[in-house]
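> One structure, pasted below without further comment.
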Amino acid sequence: MTTPHTADQAELRIDTPITPARATARTWAGLGVLALALLLIAVDATVLDLAVPAITADLAPTTPQLLWIIDVYSFVLAGLLITMGTLGDRIGRRRLLLIGAIGFAVASVLAAWSVNAEMLIAARVLQGVAGATLMPATLGLIRSMFTDARQRTLAISVWGAMAASGAAFGPLLGGWMLEHFWWGSVFLVNLPVMGLLVVLAPFLVPESRDPNPGRFDLRSAALSLLALIPIVYAVKEFAAHGPSPKLLLVAAVGVISGIVFVRRQRGLTTPLIDLDLFRLPPFRAAVFTNLLSVFALAGMLFFGSQYLQLVLGKSPLEAGLLLVPGTIGSMVGALAAAWLVRWWWPATVLAGSLVTVAIGAALYWLLPADPSGSPLPFVIGFLLIGLGEGVALTVSSDLIVSTAPEARAGNAAAISETAMELGIALGVAVLGSVVMGVFRHGLDLSQVPSEQSAVARESLGSAVETAVSLPGAAGTTLLDSAHHAFVNGIHLAAGGTIVILLLTAVIAYRAATRTTR
């Protein structure tokens, strides 16, 4: 009787007569159901990017409200993933998947018919709660469904293609929906897919759970929320408005809660997070690669969609079509990852993917502020960002899941997806706030009446609307300054992203090569 091996051992010891069970057609069909559900979750993280102008016109949110509408979904998702991943290991990952699908559908209906900014934010919070039950369940189930190492790598490549392309496909779907319907319609596409998941998953996806889960620690779950959400909130508000006593207090609550959380995990027999995993250099490198690659993609999408519509004057559908190459790049990168790691060390693939994302971000320095300028630098840059992000997400997720024992698959998956969702949220919050900070500083309000100045400073969309309402030269001056200030903000955000990505590439390579060579 053979003993179980990790994915790395299975590849390194090819002479050992290991015969893990091969996936059947039913297993691959189950993967298709899981992948479709994950695609929608990833789409929902970015689907509103192209709807920003329409939401601004209809609900009139303030800049902080607009940022919360976009990123509160990811904040809540990231805050609950660890808890839900561990819960799925205990009650059953398929059961948690079905509960989440129903909750996600209900939240989508509420989001679609929101009548004000507060209601939409609340609906996005509920979507985040439901999404947190779905995401770790999908990757955890893949870990248990595919016991053959190479088949599992291919399955995670498909999973990665859905996660990577979903974030990029969101604006394309949103653009098409906005071209034909009102902005709330972007949420209704979730309903038939979630209905299909509820019907097919019981037949195609086998149940899996930890046979000896131990006690579920509610105090650890509460501490994880108190640690993550205040820190993320403080980062977002600091980037947007600078330091303040209130933010220092909020950040202190998060840091102290995080310290207490870590100390508590070390003393528990069955912790919420297996901290020993972070002692492995490849695991650490994979987690940070996950976070930083998605950080760049989400940030570029947030201000990129506004750039295409409000600076270059593209329609929502035209802007979505310009993002298609990046969407394809994400899918190709994720699917190619399984082939790349057969020819190069995973460390080399991880570092190379981050460098590719950095090169794509560098092309954003070439974006023109003139409405008649070419969108080609944006299209090529986003293509490279999507390609690199797709490879990075897949390889890092495979490393994370393969390192953990199967019984803790949901927990490991939750760590992977927490990094990914935190990257999305921080990308929008930090890079979006940097762009808006430069934008406000560069606006020429010298010819704008005082009662309209505050409105013009709220967002690029507000500045454009104000400029249209002003007569002659006053409107032209404001519009030109708004375009140039917004593009200057993109240049600064791209520069910071490049530095972070290149440093992470070096660190990830050095860490991962310790055991993956």
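Just so we're on the same page: first chain in the structure tokens is A, next is B, and so on; residues restart at 1 for each chain, and ligands are numbered from 1 in the order they show up.
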Give me, as JSON lines, each residue of range 273-375 of chain A that comes within 8 Å of range 413-432 of chain A, together with its shortest interatomic pair and the distance in Å at one decimal, counting only C-alpha atoms, with rows ordered by chain and rising residue number.

```
{"residue": "A:Val287", "atom": "CA", "partner": "A:Ser416", "partner_atom": "CA", "distance": 6.2}
{"residue": "A:Phe288", "atom": "CA", "partner": "A:Ala419", "partner_atom": "CA", "distance": 7.2}
{"residue": "A:Asn290", "atom": "CA", "partner": "A:Met420", "partner_atom": "CA", "distance": 5.5}
{"residue": "A:Leu291", "atom": "CA", "partner": "A:Gly423", "partner_atom": "CA", "distance": 4.5}
{"residue": "A:Leu292", "atom": "CA", "partner": "A:Gly423", "partner_atom": "CA", "distance": 6.1}
{"residue": "A:Ser293", "atom": "CA", "partner": "A:Gly423", "partner_atom": "CA", "distance": 7.6}
{"residue": "A:Val294", "atom": "CA", "partner": "A:Gly423", "partner_atom": "CA", "distance": 5.3}
{"residue": "A:Phe295", "atom": "CA", "partner": "A:Gly423", "partner_atom": "CA", "distance": 4.2}
{"residue": "A:Ala296", "atom": "CA", "partner": "A:Gly427", "partner_atom": "CA", "distance": 6.1}
{"residue": "A:Leu297", "atom": "CA", "partner": "A:Gly427", "partner_atom": "CA", "distance": 7.5}
{"residue": "A:Ala298", "atom": "CA", "partner": "A:Ile424", "partner_atom": "CA", "distance": 5.1}
{"residue": "A:Gly299", "atom": "CA", "partner": "A:Gly427", "partner_atom": "CA", "distance": 4.3}
{"residue": "A:Met300", "atom": "CA", "partner": "A:Leu431", "partner_atom": "CA", "distance": 7.9}
{"residue": "A:Phe302", "atom": "CA", "partner": "A:Val428", "partner_atom": "CA", "distance": 6.1}
{"residue": "A:Phe303", "atom": "CA", "partner": "A:Gly432", "partner_atom": "CA", "distance": 6.4}
```
> Measuring between only C-alpha atoms, which one of A:Ala494, A:Val33, A:Met331, A:Leu275 shows the shortest distance to Gly304 in chain A?
A:Ala494
> Would you pick out the contacts of Thr24 in chain A at 12 Å or less, using only C-alpha atoms, so that residues sharing its chain but fewer than 2 positions from it are not included, and give the list as a list in words?
Ala21, Arg22, Arg26, Thr27, Trp28, Ala29, Gly30, Leu31, Met145, Phe146, Thr147, Asp148, Gln151, Leu204 and Val205 of chain A
> Which residues are close to range 502-504 of chain A, i.e. within 8 Å by only C-alpha atoms, leaving aside same-chain residues fewer than 6 positions away? Reply as a list of chain:residue names.
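That gives A:Phe288, A:Thr289, A:Leu292, A:Ala351, A:Leu354, A:Val355, A:Ala358.
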> List as an MDAnalysis selection string the protein and nucleic acid residues near range 380-387 of chain A, meaning an atom at most 10 Å away when only C-alpha atoms are counted, but skip any in the same chain fewer than 2 places from it.
chainID A and resid 164:165 167:168 293:294 296:297 300:301 304 322:334 336 353:367 375:378 389:392
> Would you pick out the contacts of Leu268 in chain A at 12 Å or less, using only C-alpha atoms, so that residues sharing its chain but fewer than 3 positions from it are not included, and give the list as a list in words?
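Neighbouring residues, sequence-local ones excluded: Gly214, Arg215, Phe216, Asp217, Arg219, Ser220, Phe261, Val262, Arg263, Arg264, Gln265, Pro271, Leu272, Ile273, Asp274 and Leu275 of chain A.
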> Write the residues of the preceding selection, restricted to C-alpha atoms, as a PDB file, in the first residue's frame.

```
ATOM      1  CA  GLY A 214     -11.415  19.730  16.325  1.00  0.00           C
ATOM      2  CA  ARG A 215     -13.163  22.647  17.997  1.00  0.00           C
ATOM      3  CA  PHE A 216     -14.113  25.723  15.960  1.00  0.00           C
ATOM      4  CA  ASP A 217     -12.710  28.726  17.821  1.00  0.00           C
ATOM      5  CA  ARG A 219     -12.778  33.959  19.405  1.00  0.00           C
ATOM      6  CA  SER A 220     -10.160  33.437  16.698  1.00  0.00           C
ATOM      7  CA  PHE A 261      -4.779  36.503  17.006  1.00  0.00           C
ATOM      8  CA  VAL A 262      -1.301  35.173  16.147  1.00  0.00           C
ATOM      9  CA  ARG A 263      -0.470  34.440  19.783  1.00  0.00           C
ATOM     10  CA  ARG A 264      -3.771  32.629  20.217  1.00  0.00           C
ATOM     11  CA  GLN A 265      -3.182  30.466  17.117  1.00  0.00           C
ATOM     12  CA  PRO A 271      -5.909  26.814  15.083  1.00  0.00           C
ATOM     13  CA  LEU A 272      -7.908  28.829  12.597  1.00  0.00           C
ATOM     14  CA  ILE A 273      -4.688  29.336  10.584  1.00  0.00           C
ATOM     15  CA  ASP A 274      -1.814  26.858  10.541  1.00  0.00           C
ATOM     16  CA  LEU A 275       1.009  29.340  11.160  1.00  0.00           C
TER      17      LEU A 275
END
```
> What's the separation between CA of Arg143 in chain A and CA of Arg93 in chain A, in Å to one decimal place?
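Atom-to-atom, CA of Arg143 in chain A and CA of Arg93 in chain A are spaced 11.1 Å apart.
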> CA of Ile82 in chain A and CA of Leu501 in chain A, how far apart in Å?
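These two atoms are separated by 25.3 Å.
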> List every residue of range 298-468 of chain A that DSSP, applied to the backbone of this structure, assigns to alpha helix (DSSP H), and report them as a count of residues only.
128
> To one decimal place, how far is CA of Ser433 in chain A from CA of Met177 in chain A in Å?
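Interatomic distance here is 27.0 Å.
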> Which is closer to Leu77 in chain A than all the others in A:Leu98, A:Val129, A:Leu317, A:Leu36, using only C-alpha atoms?
A:Val129
> Need to verify the contact set: Ile69 in chain A, 12 Å, only C-alpha atoms, exclusion of same-chain residues closer than 4 positions in sequence. Can you return it as a PyMOL selection string?
chain A and resi 44-49+51-52+55-56+59-65+73-76+111+114+116-125+127-128+302+425+428-429
